[in-house]
>>> print(open('target.tsv').read())   # TSV, C-alpha atoms (C1' of nucleotides)
chain	number	residue	atom	x	y	z
A	525	MET	CA	-21.64	35.68	9.33
A	526	VAL	CA	-19.07	36.32	11.99
A	527	THR	CA	-20.03	36.25	15.64
A	528	THR	CA	-17.84	38.87	17.19
A	529	ASN	CA	-19.37	38.50	20.60
A	530	PHE	CA	-19.33	42.19	21.43
A	531	ASN	CA	-21.27	41.84	24.62
A	532	SER	CA	-19.16	39.17	26.17
A	533	ARG	CA	-17.54	40.02	29.47
A	534	PHE	CA	-14.64	37.98	28.19
A	535	ILE	CA	-14.05	39.62	24.88
A	536	ASP	CA	-10.39	40.02	25.73
A	537	ASN	CA	-9.96	36.41	26.70
A	538	PRO	CA	-8.14	34.61	23.88
A	539	LEU	CA	-10.47	31.69	24.26
A	540	ASN	CA	-13.51	33.82	23.57
A	541	CYS	CA	-12.56	36.81	21.41
A	542	PRO	CA	-11.66	36.10	17.79
A	543	VAL	CA	-9.67	39.30	17.32
A	544	THR	CA	-7.62	38.55	20.42
A	545	ARG	CA	-7.03	35.01	19.20
A	546	ALA	CA	-5.81	36.25	15.84
A	547	MET	CA	-3.58	38.92	17.33
A	548	SER	CA	-2.05	36.61	19.89
A	549	ILE	CA	-1.04	34.30	17.05
A	550	ILE	CA	0.17	36.71	14.40
A	551	GLY	CA	0.64	39.89	16.44
A	552	GLY	CA	4.09	41.15	17.29
A	553	LYS	CA	6.50	43.27	15.40
A	554	TRP	CA	7.69	40.85	12.74
A	555	LYS	CA	5.24	38.01	12.12
A	556	PRO	CA	2.94	39.72	9.60
A	557	ILE	CA	5.93	41.09	7.74
A	558	ILE	CA	7.58	37.70	7.54
A	559	LEU	CA	4.37	35.98	6.47
A	560	ASN	CA	3.81	38.62	3.84
A	561	CYS	CA	7.35	38.18	2.51
A	562	ILE	CA	6.93	34.44	2.21
A	563	GLY	CA	3.58	34.77	0.49
A	564	ASP	CA	3.10	32.05	-2.06
A	565	LYS	CA	6.80	31.46	-2.53
A	566	GLN	CA	9.41	29.16	-1.14
A	567	ILE	CA	12.09	31.35	0.26
A	568	ARG	CA	15.42	30.80	1.92
A	569	PHE	CA	16.44	32.08	5.33
A	570	GLY	CA	19.14	34.31	3.92
A	571	LYS	CA	16.80	35.79	1.35
A	572	LEU	CA	14.30	36.69	4.06
A	573	ASN	CA	17.06	38.30	6.06
A	574	GLN	CA	18.07	40.22	2.98
A	575	ILE	CA	14.66	41.66	2.14
A	576	ILE	CA	13.99	42.40	5.82
A	577	PRO	CA	17.43	43.74	6.65
A	578	SER	CA	16.67	45.23	10.04
A	579	ILE	CA	15.51	41.99	11.64
A	580	SER	CA	18.31	40.13	13.40
A	581	ASN	CA	18.91	36.51	12.46
A	582	LYS	CA	18.18	35.53	16.02
A	583	VAL	CA	14.72	37.08	15.93
A	584	LEU	CA	14.00	35.87	12.42
A	585	SER	CA	14.97	32.39	13.46
A	586	SER	CA	12.81	32.34	16.56
A	587	GLU	CA	9.76	33.84	14.84
A	588	LEU	CA	10.01	31.29	12.05
A	589	LYS	CA	10.33	28.50	14.59
A	590	GLU	CA	7.31	29.71	16.51
A	591	MET	CA	5.16	29.92	13.39
A	592	GLU	CA	6.41	26.52	12.32
A	593	ASN	CA	5.21	25.18	15.67
A	594	PHE	CA	1.85	26.81	15.04
A	595	GLY	CA	1.67	24.91	11.77
A	596	LEU	CA	1.60	28.07	9.70
A	597	ILE	CA	5.01	27.66	8.10
A	598	LYS	CA	6.76	24.70	6.54
A	599	ARG	CA	10.53	24.35	6.88
A	600	VAL	CA	12.43	22.15	4.45
A	601	GLU	CA	16.09	21.52	5.10
A	602	TYR	CA	18.41	20.34	2.34
A	603	THR	CA	21.49	18.64	3.70
A	604	GLU	CA	23.95	20.26	1.38
A	605	MET	CA	27.05	22.23	2.04
A	606	PRO	CA	26.63	25.11	2.57
A	607	PRO	CA	23.21	24.33	4.03
A	608	ARG	CA	19.98	25.37	2.38
A	609	VAL	CA	16.62	25.79	4.10
A	610	GLU	CA	13.43	26.78	2.36
A	611	TYR	CA	10.42	28.28	4.11
A	612	SER	CA	6.89	28.43	2.78
A	613	LEU	CA	3.36	28.79	4.06
A	614	THR	CA	1.39	25.68	4.90
A	615	THR	CA	-2.22	25.36	3.81
A	616	ALA	CA	-3.18	26.74	7.20
A	617	GLY	CA	-0.72	29.58	6.80
A	618	LYS	CA	-2.21	30.53	3.47
A	619	THR	CA	-5.56	31.16	5.15
A	620	LEU	CA	-3.84	34.24	6.59
A	621	LEU	CA	-3.32	35.80	3.19
A	622	PRO	CA	-6.62	37.75	3.25
A	623	ILE	CA	-5.56	39.42	6.49
A	624	LEU	CA	-2.13	40.23	5.08
A	625	HIS	CA	-3.72	41.55	1.94
A	626	GLU	CA	-6.00	43.87	3.91
A	627	LEU	CA	-3.07	45.05	6.03
A	628	ALA	CA	-0.98	45.77	2.95
A	629	SER	CA	-3.88	47.46	1.24
A	630	TRP	CA	-4.61	49.71	4.19
A	631	GLY	CA	-0.93	50.39	4.69
A	632	ASN	CA	-0.89	51.81	1.20
A	633	THR	CA	-3.63	54.33	1.86
A	634	ASN	CA	-2.79	57.97	2.29
A	635	THR	CA	-4.34	57.77	5.74
A	636	ALA	CA	-1.68	55.31	6.83
A	637	LYS	CA	1.15	57.10	5.07
A	638	LYS	CA	0.24	60.42	6.66
A	639	ILE	CA	0.09	58.95	10.15
A	640	ILE	CA	3.50	57.34	9.70
A	641	LYS	CA	4.94	60.52	8.31
A	642	GLU	CA	3.71	62.54	11.24
A	643	PHE	CA	4.47	60.20	14.10
A	644	ALA	CA	7.35	57.93	13.10
B	116	MET	CA	-3.40	46.30	-7.44
B	117	VAL	CA	-1.29	46.54	-4.35
B	118	THR	CA	2.42	47.13	-4.64
B	119	THR	CA	3.90	45.16	-1.82
B	120	ASN	CA	7.42	45.87	-2.84
B	121	PHE	CA	8.75	42.45	-1.99
B	122	ASN	CA	12.15	43.09	-3.43
B	123	SER	CA	12.84	46.26	-1.56
B	124	ARG	CA	15.85	46.21	0.71
B	125	PHE	CA	13.75	48.42	2.96
B	126	ILE	CA	10.63	46.37	3.26
B	127	ASP	CA	10.80	46.67	7.03
B	128	ASN	CA	11.12	50.42	6.92
B	129	PRO	CA	7.76	51.92	7.90
B	130	LEU	CA	8.15	54.44	5.14
B	131	ASN	CA	8.36	51.77	2.47
B	132	CYS	CA	6.53	48.63	3.58
B	133	PRO	CA	2.74	48.81	3.75
B	134	VAL	CA	2.39	45.93	6.20
B	135	THR	CA	4.92	47.51	8.53
B	136	ARG	CA	3.08	50.81	8.28
B	137	ALA	CA	-0.21	49.17	9.14
B	138	MET	CA	1.22	47.19	12.03
B	139	SER	CA	3.07	50.11	13.52
B	140	ILE	CA	-0.22	52.01	13.63
B	141	ILE	CA	-2.67	49.37	14.81
B	142	GLY	CA	-0.32	46.71	16.16
B	143	GLY	CA	0.06	46.15	19.85
B	144	LYS	CA	-1.93	44.14	22.30
B	145	TRP	CA	-5.08	46.20	22.60
B	146	LYS	CA	-5.63	48.48	19.61
B	147	PRO	CA	-7.40	46.03	17.30
B	148	ILE	CA	-9.56	44.83	20.16
B	149	ILE	CA	-10.56	48.35	21.11
B	150	LEU	CA	-11.24	49.34	17.51
B	151	ASN	CA	-13.31	46.22	17.04
B	152	CYS	CA	-15.31	46.96	20.18
B	153	ILE	CA	-16.08	50.46	19.07
B	154	GLY	CA	-17.08	49.33	15.59
B	155	ASP	CA	-19.88	51.45	14.24
B	156	LYS	CA	-21.10	52.52	17.64
B	157	GLN	CA	-20.59	55.42	19.97
B	158	ILE	CA	-19.40	53.94	23.20
B	159	ARG	CA	-18.47	55.28	26.60
B	160	PHE	CA	-15.16	54.83	28.35
B	161	GLY	CA	-16.70	52.84	31.15
B	162	LYS	CA	-18.53	50.58	28.75
B	163	LEU	CA	-15.31	49.77	26.93
B	164	ASN	CA	-13.66	49.01	30.23
B	165	GLN	CA	-16.55	46.74	31.08
B	166	ILE	CA	-16.54	44.66	27.91
B	167	ILE	CA	-12.73	44.47	27.95
B	168	PRO	CA	-12.37	43.85	31.67
B	169	SER	CA	-8.71	42.87	31.70
B	170	ILE	CA	-7.44	46.15	30.26
B	171	SER	CA	-6.51	48.71	32.90
B	172	ASN	CA	-8.03	52.17	32.67
B	173	LYS	CA	-4.56	53.61	32.32
B	174	VAL	CA	-3.80	51.55	29.25
B	175	LEU	CA	-7.27	52.00	27.79
B	176	SER	CA	-6.93	55.72	28.25
B	177	SER	CA	-3.53	55.95	26.61
B	178	GLU	CA	-4.43	53.71	23.68
B	179	LEU	CA	-7.55	55.75	23.01
B	180	LYS	CA	-5.55	58.96	23.21
B	181	GLU	CA	-2.96	57.65	20.79
B	182	MET	CA	-5.56	56.56	18.27
B	183	GLU	CA	-7.32	59.87	18.70
B	184	ASN	CA	-4.04	61.59	17.80
B	185	PHE	CA	-3.81	59.37	14.75
B	186	GLY	CA	-7.23	60.63	13.71
B	187	LEU	CA	-8.76	57.17	13.90
B	188	ILE	CA	-10.99	57.82	16.89
B	189	LYS	CA	-13.26	60.68	17.79
B	190	ARG	CA	-13.67	61.68	21.44
B	191	VAL	CA	-16.71	63.68	22.49
B	192	GLU	CA	-16.84	64.99	26.01
B	193	TYR	CA	-20.12	66.03	27.62
B	194	THR	CA	-19.58	68.44	30.46
B	195	GLU	CA	-22.01	66.85	32.85
B	196	MET	CA	-21.58	65.58	36.34
B	197	PRO	CA	-20.63	62.77	36.56
B	198	PRO	CA	-18.73	63.20	33.28
B	199	ARG	CA	-19.63	61.38	30.10
B	200	VAL	CA	-17.31	60.75	27.18
B	201	GLU	CA	-18.25	58.96	24.00
B	202	TYR	CA	-15.78	57.35	21.63
B	203	SER	CA	-16.40	56.43	18.02
B	204	LEU	CA	-14.46	55.75	14.85
B	205	THR	CA	-13.73	58.62	12.52
B	206	THR	CA	-14.17	58.18	8.78
B	207	ALA	CA	-10.49	57.30	8.63
B	208	GLY	CA	-10.92	54.84	11.47
B	209	LYS	CA	-13.74	53.09	9.67
B	210	THR	CA	-11.40	52.26	6.80
B	211	LEU	CA	-9.85	49.79	9.24
B	212	LEU	CA	-13.02	47.75	9.49
B	213	PRO	CA	-12.06	45.36	6.65
B	214	ILE	CA	-8.86	44.47	8.49
B	215	LEU	CA	-10.74	43.95	11.73
B	216	HIS	CA	-13.30	41.85	9.94
B	217	GLU	CA	-10.62	39.62	8.44
B	218	LEU	CA	-8.94	39.30	11.82
B	219	ALA	CA	-12.20	38.35	13.49
B	220	SER	CA	-13.07	35.97	10.71
B	221	TRP	CA	-9.72	34.20	10.86
B	222	GLY	CA	-9.83	34.18	14.64
B	223	ASN	CA	-13.02	32.18	14.37
B	224	THR	CA	-11.50	29.43	12.28
B	225	ASN	CA	-10.67	26.09	13.80
B	226	THR	CA	-7.07	26.68	12.81
B	227	ALA	CA	-6.87	29.67	15.12
B	228	LYS	CA	-8.83	28.02	17.91
B	229	LYS	CA	-6.62	24.94	17.87
B	230	ILE	CA	-3.43	26.97	18.01
B	231	ILE	CA	-4.73	28.97	20.97
B	232	LYS	CA	-5.87	25.83	22.72
B	233	GLU	CA	-2.49	24.21	22.32
B	234	PHE	CA	-0.20	27.13	23.09
B	235	ALA	CA	-2.06	29.60	25.32
C	15	DA	C1'	-21.44	62.65	56.65
C	16	DT	C1'	-20.34	59.28	53.62
C	17	DT	C1'	-20.79	56.64	49.57
C	18	DT	C1'	-21.56	56.25	44.47
C	19	DG	C1'	-20.72	57.27	39.77
C	20	DT	C1'	-17.50	58.76	35.92
C	21	DG	C1'	-13.31	59.34	33.36
C	22	DG	C1'	-9.54	59.73	33.99
C	23	DT	C1'	-4.04	60.88	35.99
C	24	DT	C1'	0.32	59.96	38.48
C	25	DA	C1'	4.07	57.42	40.13
C	26	DC	C1'	6.02	53.36	40.25
C	27	DC	C1'	7.22	48.55	38.87
C	28	DA	C1'	7.65	43.90	36.20
C	29	DT	C1'	8.16	41.38	32.27
C	30	DA	C1'	8.63	39.91	27.82
C	31	DA	C1'	9.94	41.15	23.44
C	32	DG	C1'	13.40	42.36	20.87
C	33	DG	C1'	18.47	43.71	19.86
C	34	DT	C1'	23.89	42.89	19.84
C	35	DT	C1'	27.84	40.45	19.28
C	36	DA	C1'	30.40	36.64	18.66
C	37	DC	C1'	30.68	31.99	17.19
C	38	DT	C1'	29.99	27.25	14.71
C	39	DG	C1'	30.76	23.48	10.77
C	40	DG	C1'	32.12	21.68	6.36
C	41	DT	C1'	33.03	22.63	1.64
C	42	DT	C1'	34.50	25.64	-2.04
C	43	DT	C1'	36.78	29.64	-3.86
C	44	DT	C1'	40.69	33.05	-3.73
D	1308	DA	C1'	46.30	29.66	4.17
D	1309	DA	C1'	42.62	32.38	4.52
D	1310	DA	C1'	38.12	33.87	3.58
D	1311	DA	C1'	33.36	33.22	2.03
D	1312	DC	C1'	29.16	30.84	2.08
D	1313	DC	C1'	24.79	29.56	4.81
D	1314	DA	C1'	21.67	28.88	8.54
D	1315	DG	C1'	21.57	29.31	12.39
D	1316	DT	C1'	22.83	29.28	18.18
D	1317	DA	C1'	24.37	31.13	22.83
D	1318	DA	C1'	25.04	34.54	26.11
D	1319	DC	C1'	24.00	38.71	27.24
D	1320	DC	C1'	21.75	43.31	27.45
D	1321	DT	C1'	18.13	47.13	26.62
D	1322	DT	C1'	13.79	49.05	26.25
D	1323	DA	C1'	9.05	49.39	25.21
D	1324	DT	C1'	4.88	47.77	26.76
D	1325	DG	C1'	1.85	46.95	29.84
D	1326	DG	C1'	0.26	46.29	34.88
D	1327	DT	C1'	-0.84	48.06	39.94
D	1328	DA	C1'	-2.55	50.95	43.26
D	1329	DA	C1'	-3.75	55.19	44.82
D	1330	DC	C1'	-5.81	59.41	43.93
D	1331	DC	C1'	-8.69	63.45	41.84
D	1332	DA	C1'	-13.08	66.58	40.97
D	1333	DC	C1'	-17.85	67.37	41.51
D	1334	DA	C1'	-22.72	66.45	42.11
D	1335	DA	C1'	-26.39	63.51	43.62
D	1336	DA	C1'	-28.21	60.12	46.39
D	1337	DT	C1'	-28.37	57.61	50.97
>>> encode(input="target.tsv", output="structure tokens")
Amino acid sequence: MVTTNFNSRFIDNPLNCPVTRAMSIIGGKWKPIILNCIGDKQIRFGKLNQIIPSISNKVLSSELKEMENFGLIKRVEYTEMPPRVEYSLTTAGKTLLPILHELASWGNTNTAKKIIKEFA
Amino acid sequence: MVTTNFNSRFIDNPLNCPVTRAMSIIGGKWKPIILNCIGDKQIRFGKLNQIIPSISNKVLSSELKEMENFGLIKRVEYTEMPPRVEYSLTTAGKTLLPILHELASWGNTNTAKKIIKEFA
DNA sequence: ATTTGTGGTTACCATAAGGTTACTGGTTTT
DNA sequence: AAAACCAGTAACCTTATGGTAACCACAAAT
């Protein structure tokens, strides 16, 4: 059972509201997309940039770094030339997969598609 | 089965990536929190403002209006004095509850709490 | 006569998030 | 000799998001 603490006067305080906590960690324009792209794979920086073409390398880099700091992403650097870096989800990061799955699932509903079609 | 379309060159295009669609509809600082607060209830504007004290009435108002336009929220106005307005989720809006539940559930993990503690 | 309650709106402002462009190093390929 | 590859970084700029404070209508209660 999940205690969502509806009656708290501090429901919007990250320390007390679970939804706020979650959103302040994985909210933002790119994080869920990046996490979803990594999924269960190991994936290189350039490959991520290729399947998410409209993110700039600067932003991709900083988002990855932030999630690495959070302990959600593992970064493995191979000292080759040219360099190779592989990103993957940590065990902690994989606990996010149910959220990403629900997001993807809902994003595939006609409800979501219609809203996007009308307002985007 | 969910087609997440990992190999698309347009995964970040709202028209083609389900996660991007979902996030561009319910992303942002307040929407998931508001939706979660409404839940299965009918709830008044003032009550929302009370349980989410740090949102301004301007922002609460505009977020509600946007989600009403999306067809996720129903707004019922009672022409009394002083006025009374009740918000609730539409049928479409209730399809978001699994996402909100996963968010709340993950936000209650120690993983999430530790990250918030360290970085907030 | 003034305050209270309710659900907002308006005008204005601050900040952080995100975007753009150019650049790097060392090896291999053209 | 030049260009490509890869994984970024640095400096700079733009814009969307959200925040603040004041104000409104109307009736009832003090």
>>> closest_residue(input="target.tsv", among="C:DT42, C:DG32, C:DT20, C:DA15", to="DA1334 (chain D)", atoms="all atoms listed in the file")
C:DT20
>>> residues_around(input="target.tsv", residues="DA1318 (chain D)", least_positions_apart="6", cutoff="12 Å", atoms="only C-alpha atoms (C1' of nucleotides)", output="MDAnalysis selection string")
chainID C and resid 34:37
>>> residues_around(input="target.tsv", residues="region 144-151 of chain B", least_positions_apart="3", cutoff="7 Å", atoms="all atoms listed in the file", output="list in words")
Val543 and Thr544 of chain A; Ile141, Gly154, Glu178 and Leu215 of chain B
>>> atom_distance(input="target.tsv", atom1="CA of Gly551 (chain A)", atom2="C1' of DA31 (chain C)")
11.7 Å
>>> interface_residues(input="target.tsv", of="chain D", to="chain A", cutoff="12 Å", atoms="all atoms listed in the file", output="PyMOL selection string")
chain D and resi 1311-1317+1323-1324
>>> interface_residues(input="target.tsv", of="chain A", to="chain B", cutoff="6 Å", atoms="only C-alpha atoms", output="PyMOL selection string")
chain A and resi 533+535-536+542-543+545-546+575-576+623+626-628+631-632
>>> write_last_selection(input="target.tsv", atoms="C-alpha atoms", output="mmCIF file, in the frame of the given file")
data_model
loop_
_atom_site.group_PDB
_atom_site.id
_atom_site.type_symbol
_atom_site.label_atom_id
_atom_site.label_comp_id
_atom_site.auth_asym_id
_atom_site.auth_seq_id
_atom_site.Cartn_x
_atom_site.Cartn_y
_atom_site.Cartn_z
ATOM 1 C CA ARG A 533 -17.540 40.020 29.470
ATOM 2 C CA ILE A 535 -14.050 39.620 24.880
ATOM 3 C CA ASP A 536 -10.390 40.020 25.730
ATOM 4 C CA PRO A 542 -11.660 36.100 17.790
ATOM 5 C CA VAL A 543 -9.670 39.300 17.320
ATOM 6 C CA ARG A 545 -7.030 35.010 19.200
ATOM 7 C CA ALA A 546 -5.810 36.250 15.840
ATOM 8 C CA ILE A 575 14.660 41.660 2.140
ATOM 9 C CA ILE A 576 13.990 42.400 5.820
ATOM 10 C CA ILE A 623 -5.560 39.420 6.490
ATOM 11 C CA GLU A 626 -6.000 43.870 3.910
ATOM 12 C CA LEU A 627 -3.070 45.050 6.030
ATOM 13 C CA ALA A 628 -0.980 45.770 2.950
ATOM 14 C CA GLY A 631 -0.930 50.390 4.690
ATOM 15 C CA ASN A 632 -0.890 51.810 1.200
#
>>> interface_residues(input="target.tsv", of="chain C", to="chain A", cutoff="8 Å", atoms="all atoms listed in the file", output="count of residues only")
4
>>> atom_distance(input="target.tsv", atom1="CA of Val600 (chain A)", atom2="CA of Thr614 (chain A)")
11.6 Å
>>> atom_distance(input="target.tsv", atom1="CA of Ser612 (chain A)", atom2="CA of Ile567 (chain A)")
6.5 Å
>>> closest_residue(input="target.tsv", among="D:DC1320, D:DA1329, D:DA1336, D:DA1309", to="DT17 (chain C)", atoms="all atoms listed in the file")
D:DA1336
>>> residues_near_point(input="target.tsv", point="(2.0, 44.2, 38.6)", cutoff="9 Å", atoms="all atoms listed in the file", output="list in words")
DC27 and DA28 of chain C; DG1326 and DT1327 of chain D
>>> write_last_selection(input="target.tsv", atoms="C-alpha atoms (C1' of nucleotides)", output="PDB file, in the frame of the given file")
ATOM      1  C1'  DC C  27       7.220  48.550  38.870  1.00  0.00           C
ATOM      2  C1'  DA C  28       7.650  43.900  36.200  1.00  0.00           C
TER       3       DA C  28
ATOM      4  C1'  DG D1326       0.260  46.290  34.880  1.00  0.00           C
ATOM      5  C1'  DT D1327      -0.840  48.060  39.940  1.00  0.00           C
TER       6       DT D1327
END
>>> decode(input="target.tsv", residues="region 609-619 of chain A", atoms="all heavy atoms", output="mmCIF file, in the first residue's frame")
data_model
loop_
_atom_site.group_PDB
_atom_site.id
_atom_site.type_symbol
_atom_site.label_atom_id
_atom_site.label_comp_id
_atom_site.auth_asym_id
_atom_site.auth_seq_id
_atom_site.Cartn_x
_atom_site.Cartn_y
_atom_site.Cartn_z
ATOM 1 N N VAL A 609 32.271 5.246 -24.956
ATOM 2 C CA VAL A 609 31.653 5.321 -23.633
ATOM 3 C C VAL A 609 30.312 4.619 -23.708
ATOM 4 O O VAL A 609 29.541 4.865 -24.632
ATOM 5 C CB VAL A 609 31.452 6.785 -23.185
ATOM 6 C CG1 VAL A 609 30.789 6.850 -21.825
ATOM 7 C CG2 VAL A 609 32.781 7.526 -23.158
ATOM 8 N N GLU A 610 30.084 3.741 -22.758
ATOM 9 C CA GLU A 610 28.815 3.010 -22.766
ATOM 10 C C GLU A 610 28.000 3.370 -21.522
ATOM 11 O O GLU A 610 28.500 3.350 -20.403
ATOM 12 C CB GLU A 610 29.060 1.500 -22.784
ATOM 13 C CG GLU A 610 29.935 1.066 -23.942
ATOM 14 C CD GLU A 610 29.342 -0.103 -24.715
ATOM 15 O OE1 GLU A 610 28.454 -0.777 -24.163
ATOM 16 O OE2 GLU A 610 29.759 -0.323 -25.873
ATOM 17 N N TYR A 611 26.725 3.666 -21.764
ATOM 18 C CA TYR A 611 25.809 4.003 -20.677
ATOM 19 C C TYR A 611 24.809 2.873 -20.478
ATOM 20 O O TYR A 611 24.366 2.238 -21.441
ATOM 21 C CB TYR A 611 25.062 5.288 -20.992
ATOM 22 C CG TYR A 611 25.944 6.517 -20.984
ATOM 23 C CD1 TYR A 611 26.556 6.974 -22.144
ATOM 24 C CD2 TYR A 611 26.176 7.202 -19.795
ATOM 25 C CE1 TYR A 611 27.375 8.098 -22.132
ATOM 26 C CE2 TYR A 611 26.986 8.326 -19.773
ATOM 27 C CZ TYR A 611 27.583 8.763 -20.937
ATOM 28 O OH TYR A 611 28.393 9.870 -20.918
ATOM 29 N N SER A 612 24.462 2.647 -19.219
ATOM 30 C CA SER A 612 23.417 1.664 -18.924
ATOM 31 C C SER A 612 22.745 2.050 -17.618
ATOM 32 O O SER A 612 23.224 2.937 -16.896
ATOM 33 C CB SER A 612 24.028 0.267 -18.815
ATOM 34 O OG SER A 612 25.037 0.259 -17.826
ATOM 35 N N LEU A 613 21.629 1.428 -17.327
ATOM 36 C CA LEU A 613 20.946 1.706 -16.068
ATOM 37 C C LEU A 613 21.589 0.909 -14.947
ATOM 38 O O LEU A 613 21.953 -0.254 -15.136
ATOM 39 C CB LEU A 613 19.462 1.336 -16.164
ATOM 40 C CG LEU A 613 18.630 2.102 -17.188
ATOM 41 C CD1 LEU A 613 17.166 1.712 -17.047
ATOM 42 C CD2 LEU A 613 18.785 3.602 -17.016
ATOM 43 N N THR A 614 21.724 1.522 -13.792
ATOM 44 C CA THR A 614 22.140 0.790 -12.606
ATOM 45 C C THR A 614 20.942 -0.015 -12.093
ATOM 46 O O THR A 614 19.830 0.102 -12.608
ATOM 47 C CB THR A 614 22.578 1.755 -11.497
ATOM 48 O OG1 THR A 614 21.459 2.578 -11.169
ATOM 49 C CG2 THR A 614 23.733 2.635 -11.962
ATOM 50 N N THR A 615 21.186 -0.795 -11.052
ATOM 51 C CA THR A 615 20.075 -1.510 -10.425
ATOM 52 C C THR A 615 19.010 -0.522 -9.963
ATOM 53 O O THR A 615 17.804 -0.740 -10.175
ATOM 54 C CB THR A 615 20.583 -2.312 -9.212
ATOM 55 O OG1 THR A 615 21.700 -3.101 -9.627
ATOM 56 C CG2 THR A 615 19.492 -3.226 -8.680
ATOM 57 N N ALA A 616 19.457 0.565 -9.361
ATOM 58 C CA ALA A 616 18.511 1.601 -8.930
ATOM 59 C C ALA A 616 17.760 2.167 -10.131
ATOM 60 O O ALA A 616 16.538 2.348 -10.078
ATOM 61 C CB ALA A 616 19.251 2.716 -8.194
ATOM 62 N N GLY A 617 18.485 2.427 -11.197
ATOM 63 C CA GLY A 617 17.854 2.983 -12.393
ATOM 64 C C GLY A 617 16.801 2.064 -12.968
ATOM 65 O O GLY A 617 15.773 2.522 -13.485
ATOM 66 N N LYS A 618 17.029 0.782 -12.863
ATOM 67 C CA LYS A 618 16.062 -0.170 -13.420
ATOM 68 C C LYS A 618 14.747 -0.190 -12.650
ATOM 69 O O LYS A 618 13.717 -0.622 -13.181
ATOM 70 C CB LYS A 618 16.674 -1.568 -13.470
ATOM 71 C CG LYS A 618 17.689 -1.701 -14.604
ATOM 72 C CD LYS A 618 18.283 -3.092 -14.719
ATOM 73 C CE LYS A 618 19.360 -3.090 -15.811
ATOM 74 N NZ LYS A 618 20.215 -4.286 -15.761
ATOM 75 N N THR A 619 14.785 0.308 -11.402
ATOM 76 C CA THR A 619 13.514 0.376 -10.654
ATOM 77 C C THR A 619 12.575 1.410 -11.269
ATOM 78 O O THR A 619 11.402 1.475 -10.919
ATOM 79 C CB THR A 619 13.755 0.720 -9.168
ATOM 80 O OG1 THR A 619 14.333 2.032 -9.068
ATOM 81 C CG2 THR A 619 14.680 -0.284 -8.516
#
